[in-house]
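*Asks:* What follows is run_5.csv, made up of CSV, C-alpha atoms and all ligand atoms:
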```
chain,number,residue,atom,x,y,z
A,1,MET,CA,26.3,57.8,10.9
A,2,ARG,CA,27.0,54.3,12.2
A,3,LYS,CA,30.7,53.5,12.8
A,4,LYS,CA,31.6,50.2,11.3
A,5,ILE,CA,32.6,47.4,13.6
A,6,VAL,CA,34.8,44.4,12.6
A,7,ALA,CA,35.1,41.6,15.2
A,8,GLY,CA,37.2,38.4,15.0
A,9,ASN,CA,35.5,35.3,16.4
A,10,TRP,CA,38.4,33.0,17.1
A,11,LYS,CA,36.1,30.1,18.1
A,12,MET,CA,37.9,27.1,19.8
A,13,ASN,CA,41.3,28.1,18.3
A,14,MET,CA,44.5,29.8,19.6
A,15,THR,CA,46.5,28.7,22.6
A,16,THR,CA,47.9,31.6,24.6
A,17,GLU,CA,51.2,31.3,22.7
A,18,GLU,CA,49.4,31.4,19.3
A,19,ALA,CA,47.2,34.2,20.5
A,20,THR,CA,50.2,36.3,21.5
A,21,SER,CA,51.7,36.0,18.1
A,22,LEU,CA,48.4,36.8,16.3
A,23,VAL,CA,47.7,39.9,18.5
A,24,ASN,CA,51.3,41.2,18.0
A,25,GLY,CA,50.7,40.9,14.3
A,26,LEU,CA,47.4,42.9,14.6
A,27,LYS,CA,49.0,45.5,16.8
A,28,ALA,CA,51.6,46.3,14.2
A,29,GLU,CA,48.9,47.7,11.9
A,30,LEU,CA,45.8,48.3,14.1
A,31,ALA,CA,47.1,49.6,17.4
A,32,ILE,CA,46.2,53.2,16.5
A,33,PHE,CA,43.6,52.5,13.8
A,34,ARG,CA,40.5,54.6,14.2
A,35,GLY,CA,38.7,53.9,10.9
A,36,ALA,CA,36.4,51.3,12.4
A,37,ASP,CA,35.9,49.6,15.8
A,38,VAL,CA,38.1,46.5,15.9
A,39,VAL,CA,37.3,43.7,18.4
A,40,VAL,CA,39.0,40.3,19.0
A,41,CYS,CA,37.2,37.5,20.7
A,42,PRO,CA,39.6,34.9,21.9
A,43,PRO,CA,38.7,31.7,23.8
A,44,PHE,CA,38.3,32.2,27.5
A,45,THR,CA,41.8,30.8,28.3
A,46,ALA,CA,43.5,33.4,26.2
A,47,ILE,CA,41.4,36.5,27.2
A,48,SER,CA,43.7,37.5,30.1
A,49,THR,CA,46.8,37.3,27.9
A,50,VAL,CA,45.2,39.2,25.0
A,51,SER,CA,43.8,41.8,27.4
A,52,ALA,CA,47.3,42.7,28.6
A,53,LEU,CA,48.5,42.8,25.0
A,54,VAL,CA,45.8,45.2,23.7
A,55,GLN,CA,45.9,47.5,26.7
A,56,GLY,CA,46.5,51.1,25.5
A,57,THR,CA,45.6,50.2,21.8
A,58,HIS,CA,42.4,50.8,19.9
A,59,ILE,CA,41.9,47.0,19.6
A,60,ASP,CA,39.0,46.0,21.8
A,61,LEU,CA,38.3,42.8,23.6
A,62,GLY,CA,35.3,40.4,23.5
A,63,ALA,CA,34.3,37.0,24.6
A,64,GLN,CA,32.4,34.3,22.7
A,65,ASN,CA,29.8,33.3,25.3
A,66,MET,CA,28.8,33.8,29.0
A,67,HIS,CA,26.2,32.6,31.5
A,68,TRP,CA,23.2,34.7,32.4
A,69,GLU,CA,23.6,34.2,36.2
A,70,LYS,CA,25.9,36.4,38.2
A,71,SER,CA,27.6,33.5,40.0
A,72,GLY,CA,26.8,30.1,41.5
A,73,ALA,CA,26.8,26.4,40.9
A,74,TYR,CA,27.2,26.4,37.1
A,75,THR,CA,30.1,24.2,36.4
A,76,GLY,CA,32.1,25.2,33.4
A,77,GLU,CA,30.4,28.6,33.0
A,78,ILE,CA,31.7,32.2,33.0
A,79,SER,CA,29.9,35.3,34.3
A,80,ALA,CA,29.7,38.8,32.8
A,81,ALA,CA,31.6,40.2,35.8
A,82,MET,CA,34.4,37.8,35.2
A,83,LEU,CA,34.7,39.1,31.6
A,84,ARG,CA,34.5,42.7,32.7
A,85,GLU,CA,37.3,42.1,35.2
A,86,LEU,CA,39.5,41.2,32.3
A,87,TYR,CA,38.5,44.4,30.4
A,88,CYS,CA,36.2,42.7,27.9
A,89,HIS,CA,33.8,45.2,26.4
A,90,TYR,CA,31.9,42.8,24.0
A,91,VAL,CA,30.5,39.3,24.1
A,92,ILE,CA,29.2,37.3,21.2
A,93,LEU,CA,25.8,35.7,22.2
A,94,GLY,CA,23.6,33.2,20.4
A,95,HIS,CA,26.1,32.2,17.7
A,96,SER,CA,24.6,29.6,15.5
A,97,GLU,CA,27.1,27.0,16.8
A,98,ARG,CA,25.9,27.7,20.3
A,99,ARG,CA,22.3,27.4,19.1
A,100,THR,CA,23.0,24.2,17.2
A,101,TYR,CA,25.4,22.3,19.4
A,102,PHE,CA,24.5,23.6,22.8
A,103,GLY,CA,20.8,24.0,22.5
A,104,GLU,CA,20.6,27.8,23.0
A,105,THR,CA,17.1,29.2,22.3
A,106,ASP,CA,16.0,32.8,21.8
A,107,GLU,CA,14.9,32.8,25.4
A,108,ILE,CA,18.3,31.7,26.7
A,109,VAL,CA,20.0,34.2,24.4
A,110,ASN,CA,17.7,36.9,25.7
A,111,ARG,CA,18.6,36.2,29.3
A,112,LYS,CA,22.3,36.4,28.4
A,113,VAL,CA,21.8,39.6,26.5
A,114,LYS,CA,20.1,41.2,29.5
A,115,ALA,CA,22.8,40.0,31.9
A,116,ALA,CA,25.6,41.3,29.6
A,117,LEU,CA,24.0,44.7,29.3
A,118,ALA,CA,23.4,44.9,33.0
A,119,ALA,CA,27.2,44.4,33.4
A,120,THR,CA,27.9,47.1,30.8
A,121,LEU,CA,29.1,44.6,28.2
A,122,HIS,CA,28.0,45.2,24.6
A,123,PRO,CA,26.4,42.0,23.3
A,124,ILE,CA,27.0,40.9,19.7
A,125,VAL,CA,23.7,39.0,19.1
A,126,CYS,CA,23.8,36.5,16.3
A,127,VAL,CA,20.8,35.6,14.1
A,128,GLY,CA,20.6,33.6,10.9
A,129,GLU,CA,18.7,31.0,8.9
A,130,THR,CA,19.8,27.5,7.8
A,131,LEU,CA,19.9,26.5,4.2
A,132,ALA,CA,16.7,24.4,4.6
A,133,GLN,CA,14.9,27.4,6.0
A,134,ARG,CA,16.1,29.6,3.2
A,135,GLU,CA,15.0,27.1,0.6
A,136,ALA,CA,11.6,26.8,2.3
A,137,GLY,CA,11.1,30.5,2.0
A,138,GLU,CA,11.2,31.0,5.8
A,139,VAL,CA,14.0,33.7,6.0
A,140,GLU,CA,11.7,36.5,7.1
A,141,THR,CA,9.9,34.4,9.7
A,142,VAL,CA,13.1,32.9,11.2
A,143,ILE,CA,15.0,36.2,11.3
A,144,THR,CA,12.1,38.3,12.8
A,145,THR,CA,11.4,35.6,15.4
A,146,GLN,CA,15.1,35.5,16.4
A,147,VAL,CA,15.4,39.3,16.5
A,148,ARG,CA,12.2,39.8,18.5
A,149,GLY,CA,13.0,36.8,20.9
A,150,SER,CA,16.7,37.4,21.5
A,151,LEU,CA,16.3,41.2,22.0
A,152,ALA,CA,12.9,41.1,23.8
A,153,GLY,CA,12.5,43.7,26.6
A,154,LEU,CA,15.5,45.9,25.9
A,155,SER,CA,15.3,49.6,26.6
A,156,GLN,CA,16.2,52.1,23.8
A,157,LYS,CA,19.6,52.6,25.4
A,158,GLU,CA,20.2,48.9,25.6
A,159,ILE,CA,19.3,48.2,22.0
A,160,LEU,CA,21.7,51.0,20.9
A,161,ASP,CA,24.4,49.5,23.1
A,162,SER,CA,23.9,46.2,21.3
A,163,VAL,CA,25.3,44.9,18.0
A,164,ILE,CA,23.4,42.4,15.8
A,165,ALA,CA,25.3,40.0,13.6
A,166,TYR,CA,23.4,38.4,10.6
A,167,GLU,CA,25.1,35.1,9.9
A,168,PRO,CA,23.3,32.8,7.5
A,169,VAL,CA,24.2,29.4,8.9
A,170,TRP,CA,24.8,28.0,5.4
A,171,ALA,CA,27.6,30.6,4.9
A,172,ILE,CA,29.5,30.0,8.1
A,173,GLY,CA,32.8,28.2,7.5
A,174,THR,CA,31.6,26.9,4.2
A,175,GLY,CA,33.3,29.3,1.9
A,176,LYS,CA,29.8,30.2,0.6
A,177,THR,CA,29.2,33.9,1.2
A,178,ALA,CA,25.8,35.4,0.9
A,179,THR,CA,25.9,37.8,-2.1
A,180,SER,CA,26.0,41.4,-1.0
A,181,ALA,CA,22.4,41.8,-2.3
A,182,GLN,CA,21.2,38.7,-0.3
A,183,ALA,CA,22.9,40.0,2.8
A,184,GLN,CA,21.6,43.6,2.4
A,185,GLU,CA,18.0,42.3,2.0
A,186,VAL,CA,18.2,40.6,5.4
A,187,HIS,CA,20.0,43.5,7.1
A,188,ALA,CA,17.2,45.8,5.8
A,189,LEU,CA,14.6,43.3,7.2
A,190,ILE,CA,16.4,43.3,10.6
A,191,ARG,CA,16.4,47.1,10.6
A,192,LYS,CA,12.7,47.2,9.7
A,193,THR,CA,12.0,44.8,12.5
A,194,LEU,CA,13.9,47.1,14.9
A,195,ALA,CA,11.9,50.0,13.7
A,196,SER,CA,8.7,48.2,14.5
A,197,MET,CA,10.0,47.3,18.0
A,198,TYR,CA,11.3,50.9,18.7
A,199,ASP,CA,11.2,53.6,16.0
A,200,ALA,CA,13.0,54.4,12.8
A,201,ALA,CA,15.6,56.6,14.5
A,202,ILE,CA,16.6,53.9,17.0
A,203,ALA,CA,16.6,51.3,14.2
A,204,ASP,CA,18.9,53.6,12.3
A,205,GLY,CA,21.4,53.8,15.2
A,206,VAL,CA,21.9,50.0,15.7
A,207,ARG,CA,24.9,48.4,14.1
A,208,ILE,CA,24.3,45.2,12.1
A,209,GLN,CA,27.3,43.1,11.1
A,210,TYR,CA,27.4,40.4,8.4
A,211,GLY,CA,29.2,37.1,9.1
A,212,GLY,CA,29.8,34.0,7.1
A,213,SER,CA,32.9,33.4,5.0
A,214,VAL,CA,33.9,37.0,4.9
A,215,LYS,CA,37.4,37.2,3.3
A,216,PRO,CA,39.7,40.1,2.2
A,217,GLY,CA,38.3,39.6,-1.4
A,218,ASN,CA,34.6,40.0,-0.6
A,219,ALA,CA,34.7,42.3,2.5
A,220,LYS,CA,34.7,45.6,0.6
A,221,GLU,CA,31.6,44.9,-1.4
A,222,LEU,CA,29.7,43.5,1.6
A,223,PHE,CA,30.6,46.5,3.8
A,224,SER,CA,29.6,49.0,1.1
A,225,MET,CA,25.9,47.9,1.4
A,226,PRO,CA,23.8,50.6,3.1
A,227,ASP,CA,22.7,48.4,6.1
A,228,ILE,CA,25.9,46.4,6.6
A,229,ASP,CA,27.9,47.9,9.3
A,230,GLY,CA,30.9,45.7,9.4
A,231,GLY,CA,31.6,42.0,9.9
A,232,LEU,CA,31.9,39.1,12.3
A,233,ILE,CA,34.9,37.1,11.0
A,234,GLY,CA,35.7,33.5,11.8
A,235,GLY,CA,38.3,31.7,9.8
A,236,ALA,CA,39.9,34.8,8.2
A,237,ALA,CA,40.3,36.3,11.7
A,238,LEU,CA,42.9,33.7,12.6
A,239,ASP,CA,45.5,35.2,10.2
A,240,ALA,CA,46.8,38.7,11.0
A,241,LYS,CA,47.1,39.8,7.4
A,242,SER,CA,43.7,38.7,6.3
A,243,PHE,CA,42.0,40.2,9.4
A,244,ILE,CA,43.8,43.5,8.9
A,245,ASP,CA,42.8,43.5,5.2
A,246,ILE,CA,39.2,43.0,6.2
A,247,VAL,CA,39.3,45.7,8.8
A,248,ARG,CA,40.8,48.1,6.2
A,249,ALA,CA,37.9,47.2,3.8
A,250,ALA,CA,35.5,48.7,6.4
A,251,VAL,CA,36.9,52.2,5.9
B,301,LIG,P1,33.5,32.2,9.1
B,301,LIG,O1,32.7,32.3,10.5
B,301,LIG,O2,34.0,33.6,8.8
B,301,LIG,O3,34.6,31.2,9.3
B,301,LIG,O4,32.5,31.7,8.1
B,301,LIG,C1,31.9,33.4,10.9
B,301,LIG,C2,31.3,33.2,12.3
B,301,LIG,O5,30.9,32.0,12.6
B,301,LIG,O6,31.2,34.1,13.1
```
The structure given in the file should be rewritten as structure tokens.
Ligand code: PGA
*Replies:*
Amino acid sequence: MRKKIVAGNWKMNMTTEEATSLVNGLKAELAIFRGADVVVCPPFTAISTVSALVQGTHIDLGAQNMHWEKSGAYTGEISAAMLRELYCHYVILGHSERRTYFGETDEIVNRKVKAALAATLHPIVCVGETLAQREAGEVETVITTQVRGSLAGLSQKEILDSVIAYEPVWAIGTGKTATSAQAQEVHALIRKTLASMYDAAIADGVRIQYGGSVKPGNAKELFSMPDIDGGLIGGAALDAKSFIDIVRAAV
């Protein structure tokens, strides 16, 4: 039985002051919540503050990106060890905004995934097709290529330590959610791809989140689908009440 996981991707939002108020709001309801794994992913500048605030609670901490090298001359970058030092347990990798605006390829994502796992961080690996790709009937090719490329060379233990997020690019921040049937179809495809890379039992153990305009009003239906194991939440994660409602929909 896979435990559901709901993660908030704050993107480039939240000063430390704003983050403090948001996390205090979340703690009021979720500090001892055990019904699903709950993760918040603040911007780098707020991680230290949020880390101290969630200490001793069941709210877990993640980052939104990292570099694949351990250290060195990579101006502006952050390493896995730096995230671990602040008690991050998760890191979002290969988000479509990183792929689109910062040129991240499956090969780059794969390097980051391996570096994260080597540092005992759980990667949340994002895949998803654009609207043009969906309309051209390319969903299966795009998704299987991203899954195989981004997760290439992982051991059985490493794939089970990873989380996959299916985020159709056309549904991110647009208010257009994939229907639960559309999402389920791609989640099942991802699981089938994992089964061909490993075996059915391993594929059955990997958690696959849905992301893209998840709101309190649509979360329950999405999370009730057999292969949807929670959500990666953007806009609705910036408001304590709506994030809490989404987390509760995962139970
Ligand atoms: P959204 O973003 O919930 O605002 O659509 C999701 C994401 O990009 O992770």
*Asks:* For a quick check of understanding, using all atoms listed in the file, which of A:Glu18, A:Leu238, A:Met197, A:Arg248 has the smallest distance to Gly217 of chain A?
*Replies:*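 Of A:Glu18, A:Leu238, A:Met197, A:Arg248, the one nearest Gly217 of chain A, counting all atoms listed in the file, is A:Arg248.
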*Asks:* Which one of A:Gly35, A:Pro42, A:Gly175, A:Gly128 sits closest to Ala237 of chain A if you count all atoms listed in the file?
*Replies:* A:Pro42
*Asks:* Near Ala80 of chain A, within 9 Å and counting only C-alpha atoms, which residues show up once chain neighbours fewer than 6 positions away are dropped, as a VMD selection string?
*Replies:* chain A and resid 66 to 70 91 112 115 to 121
*Asks:* How would you write, as a list in words, the set of residues no farther than 8 Å from ligand LIG 301 (chain B) when counting all atoms listed in the file?
*Replies:*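 Protein and nucleic-acid residues within 8 Å of ligand LIG 301 (chain B): Gly8, Asn9, Lys11, His95, Ser96, Glu97, Glu167, Ala171, Ile172, Gly173, Thr174, Gly175, Thr177, Gly211, Gly212, Ser213, Val214, Lys215, Leu232, Ile233, Gly234, Gly235, Ala236 and Ala237 of chain A.
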*Asks:* Create the file for the chosen residues now, containing C-alpha atoms and written as a compact mmCIF listing (two decimals), in the frame of the given file.
*Replies:*
```txt
# COMPACT_ATOMS: atom_id res chain seq x y z
CA GLY A 8 37.20 38.40 15.00
CA ASN A 9 35.50 35.30 16.40
CA LYS A 11 36.10 30.10 18.10
CA HIS A 95 26.10 32.20 17.70
CA SER A 96 24.60 29.60 15.50
CA GLU A 97 27.10 27.00 16.80
CA GLU A 167 25.10 35.10 9.90
CA ALA A 171 27.60 30.60 4.90
CA ILE A 172 29.50 30.00 8.10
CA GLY A 173 32.80 28.20 7.50
CA THR A 174 31.60 26.90 4.20
CA GLY A 175 33.30 29.30 1.90
CA THR A 177 29.20 33.90 1.20
CA GLY A 211 29.20 37.10 9.10
CA GLY A 212 29.80 34.00 7.10
CA SER A 213 32.90 33.40 5.00
CA VAL A 214 33.90 37.00 4.90
CA LYS A 215 37.40 37.20 3.30
CA LEU A 232 31.90 39.10 12.30
CA ILE A 233 34.90 37.10 11.00
CA GLY A 234 35.70 33.50 11.80
CA GLY A 235 38.30 31.70 9.80
CA ALA A 236 39.90 34.80 8.20
CA ALA A 237 40.30 36.30 11.70
```
*Asks:* Excluding same-chain residues fewer than 5 positions from Thr49 of chain A, what lies within 10 Å of it counting all atoms listed in the file, as a PyMOL selection string?
*Replies:* chain A and resi 16-17+19-20+23+42+44+54+86
*Asks:* With only C-alpha atoms as the atoms that count, which of A:Lys27, A:Lys176, A:Arg84, A:Arg34 lies nearest to Gln55 of chain A?
*Replies:*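 Smallest separation from Gln55 of chain A among the options: A:Lys27.
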*Asks:* Kindly extract all protein, DNA and RNA residues lying within 10 Å of the coordinates (25.6, 51.0, 23.6) given in the file, considering all atoms listed in the file, and supply them as an MDAnalysis selection string.
*Replies:* chainID A and resid 117 120:123 156:163 205:207
*Asks:* Work out how far apart atom CA of Ile5 of chain A and atom CA of Pro226 of chain A are and give it in Å to one decimal.
*Replies:*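 So the two atoms, atom CA of Ile5 of chain A and atom CA of Pro226 of chain A, lie 14.1 Å apart.
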*Asks:* Hey, what's within 10 Å of Asn24 of chain A if we count only C-alpha atoms and toss same-chain stuff fewer than 4 positions away? As a compact mmCIF listing (two decimals) with C-alpha atoms, in the frame of the given file, please?
*Replies:*
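Contents of selection.txt, as written:
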```txt
# COMPACT_ATOMS: atom_id res chain seq x y z
CA ALA A 19 47.20 34.20 20.50
CA THR A 20 50.20 36.30 21.50
CA ALA A 28 51.60 46.30 14.20
CA GLU A 29 48.90 47.70 11.90
CA LEU A 30 45.80 48.30 14.10
CA ALA A 31 47.10 49.60 17.40
CA VAL A 50 45.20 39.20 25.00
CA LEU A 53 48.50 42.80 25.00
CA VAL A 54 45.80 45.20 23.70
CA ALA A 240 46.80 38.70 11.00
```
*Asks:* Ile143 of chain A: which residues within 8 Å, counting all atoms listed in the file, same-chain residues fewer than 3 positions away excluded, as a ChimeraX atom specification?
*Replies:* /A:127-129,139-140,146-147,190
